[in-house]
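One structure is given here, and the rest of the page talks about it.
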Amino acid sequence: MDRFRGEPLVAPTEALARDAAAGDTAALEELLQAIRPEVLRRCGRFLPCREDAEEAAQDVLLQVARKIGTFQGRSRFSTWLYTVVANCCRQKYRELKRRSAEQPAPIDPERHADPRTTSVIAGSRVDLLEALDRLEREHPQLVEPLVYRDICRLEYAEAAERAGIPLGTFKSRLHEAR
């Protein structure tokens, strides 16, 4: 609570998001600047290559700018943003995978990663994206619960609300997805 006015305190990005959704272009610019570092960090959690994460982060910021009018404030802006980040990263991964299948690049021995020194974290991210891709093909209803809870780290109730399903159904789908 604001001790001078007795009003609840609102996170600056939440207020900026509401103003931007209402059409305030100055608030949108300020919002994009404020979320840029967090967006890049979150994209980096999905994509192992920094350049790919930066590209996905640009896509996220572009989507936020284009779609901010759809943010209705029923959930927190950060929850809405997590969804945009997850979707853009998954789309970037699919695009990279499709490109590599279409035009396999010749292996340059100097730039080729040695599997003995490759990051375990990077490998696990690729494994995660592969699993999400397969899960989306085979059981698309299981993707949202897994992304909201395990990747975005939302609380169960908030994630279930964001997915638009009852909490019990959410937990069941999450268990099946894992």
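For the structure tokens, the naming scheme is as follows: chains receive sequential letters (A, B, ...) according to their order of presentation, residues are indexed from 1 within each chain, and ligands are indexed from 1 in presentation order.
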At a cut-off of 12 Å, can you tabulate as CSV every residue of range 44-92 of chain A near range 140-161 of chain A together with its closest atom pair and the distance in Å to one decimal, using only C-alpha atoms and ordering rows by chain then number?
```
residue,atom,partner,partner_atom,distance
A:Gly44,CA,A:Ile151,CA,11.7
A:Arg45,CA,A:Ile151,CA,8.4
A:Phe46,CA,A:Ile151,CA,8.5
A:Arg74,CA,A:Glu161,CA,9.7
A:Ser75,CA,A:Glu158,CA,8.0
A:Arg76,CA,A:Glu158,CA,9.2
A:Ser78,CA,A:Cys152,CA,9.6
A:Thr79,CA,A:Leu154,CA,7.7
A:Trp80,CA,A:Tyr148,CA,10.4
A:Leu81,CA,A:Cys152,CA,9.8
A:Tyr82,CA,A:Cys152,CA,6.1
A:Thr83,CA,A:Tyr148,CA,7.6
A:Val84,CA,A:Cys152,CA,10.9
A:Val85,CA,A:Cys152,CA,9.3
A:Ala86,CA,A:Val147,CA,7.2
A:Asn87,CA,A:Val147,CA,9.5
A:Cys89,CA,A:Val147,CA,11.4
A:Arg90,CA,A:Val147,CA,10.5
```
Using N, CA and C atoms, can you export the residues from the last selection as a compact mmCIF listing (two decimals), in the first residue's frame?
```
# COMPACT_ATOMS: atom_id res chain seq x y z
N GLY A 44 16.96 -16.63 -23.36
CA GLY A 44 18.19 -17.38 -23.16
C GLY A 44 17.96 -18.69 -22.42
N ARG A 45 16.89 -18.76 -21.63
CA ARG A 45 16.56 -20.00 -20.93
C ARG A 45 16.02 -21.05 -21.89
N PHE A 46 15.46 -20.60 -23.01
CA PHE A 46 14.91 -21.52 -24.00
C PHE A 46 15.95 -21.92 -25.05
N ARG A 74 -6.57 -9.10 -16.97
CA ARG A 74 -7.20 -10.10 -16.10
C ARG A 74 -6.15 -10.88 -15.31
N SER A 75 -4.98 -11.03 -15.89
CA SER A 75 -3.86 -11.64 -15.17
C SER A 75 -2.73 -10.60 -15.16
N ARG A 76 -1.65 -10.94 -14.49
CA ARG A 76 -0.53 -10.01 -14.44
C ARG A 76 0.10 -9.90 -15.82
N SER A 78 3.21 -9.85 -16.44
CA SER A 78 4.34 -10.78 -16.53
C SER A 78 3.87 -12.15 -16.99
N THR A 79 2.69 -12.57 -16.60
CA THR A 79 2.14 -13.84 -17.05
C THR A 79 1.87 -13.80 -18.55
N TRP A 80 1.28 -12.73 -19.00
CA TRP A 80 0.99 -12.54 -20.43
C TRP A 80 2.31 -12.54 -21.21
N LEU A 81 3.32 -11.86 -20.67
CA LEU A 81 4.63 -11.77 -21.32
C LEU A 81 5.29 -13.15 -21.40
N TYR A 82 5.20 -13.96 -20.34
CA TYR A 82 5.79 -15.30 -20.35
C TYR A 82 5.23 -16.11 -21.51
N THR A 83 3.95 -15.97 -21.77
CA THR A 83 3.32 -16.70 -22.86
C THR A 83 3.90 -16.26 -24.20
N VAL A 84 4.06 -14.96 -24.38
CA VAL A 84 4.62 -14.43 -25.62
C VAL A 84 6.05 -14.93 -25.80
N VAL A 85 6.84 -14.89 -24.72
CA VAL A 85 8.23 -15.36 -24.77
C VAL A 85 8.27 -16.84 -25.16
N ALA A 86 7.48 -17.66 -24.49
CA ALA A 86 7.48 -19.09 -24.77
C ALA A 86 7.09 -19.37 -26.22
N ASN A 87 6.06 -18.71 -26.68
CA ASN A 87 5.60 -18.93 -28.06
C ASN A 87 6.64 -18.48 -29.08
N CYS A 89 9.92 -18.18 -28.66
CA CYS A 89 11.10 -19.06 -28.59
C CYS A 89 10.83 -20.40 -29.27
N ARG A 90 9.65 -20.94 -29.04
CA ARG A 90 9.31 -22.20 -29.69
C ARG A 90 9.24 -22.00 -31.21
```
Check the DSSP output for the backbone and give back, as a ChimeraX atom specification, the residues of chain A in alpha helix (DSSP H). /A:12-21,25-46,50-67,77-102,120-138,143-146,156-163,167-177
Considering only C-alpha atoms, state which residue in the set A:Leu96, A:Ile35, A:Leu128, A:Ile68 is at the smallest distance from Gly23 in chain A. A:Ile68
Nearest to Glu54 in chain A: which of A:Glu176, A:Ala26, A:Lys92, A:Ala15 is it, counting only C-alpha atoms? A:Lys92
Contacts of Glu30 in chain A at 9 Å (only C-alpha atoms; same-chain gap of 5+ positions) as a list in words: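 Final neighbour list, sorted by chain and number: Thr13, Leu16, Thr25 and Ile35 of chain A.
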Between A:Ala57, A:Leu167, A:Ala131, A:Val64, which is the closest to Ala21 in chain A once you count only C-alpha atoms? A:Val64
Residues near Ala53 in chain A, cut-off 7 Å, only C-alpha atoms, skip fewer than 6 positions along chain, as a ChimeraX atom specification: /A:40,43-44,47
Which one is closest to Arg42 in chain A: A:Leu28, A:Ile165, A:Gly69, A:Cys88? Count only C-alpha atoms.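 The closest residue to Arg42 in chain A is A:Cys88.
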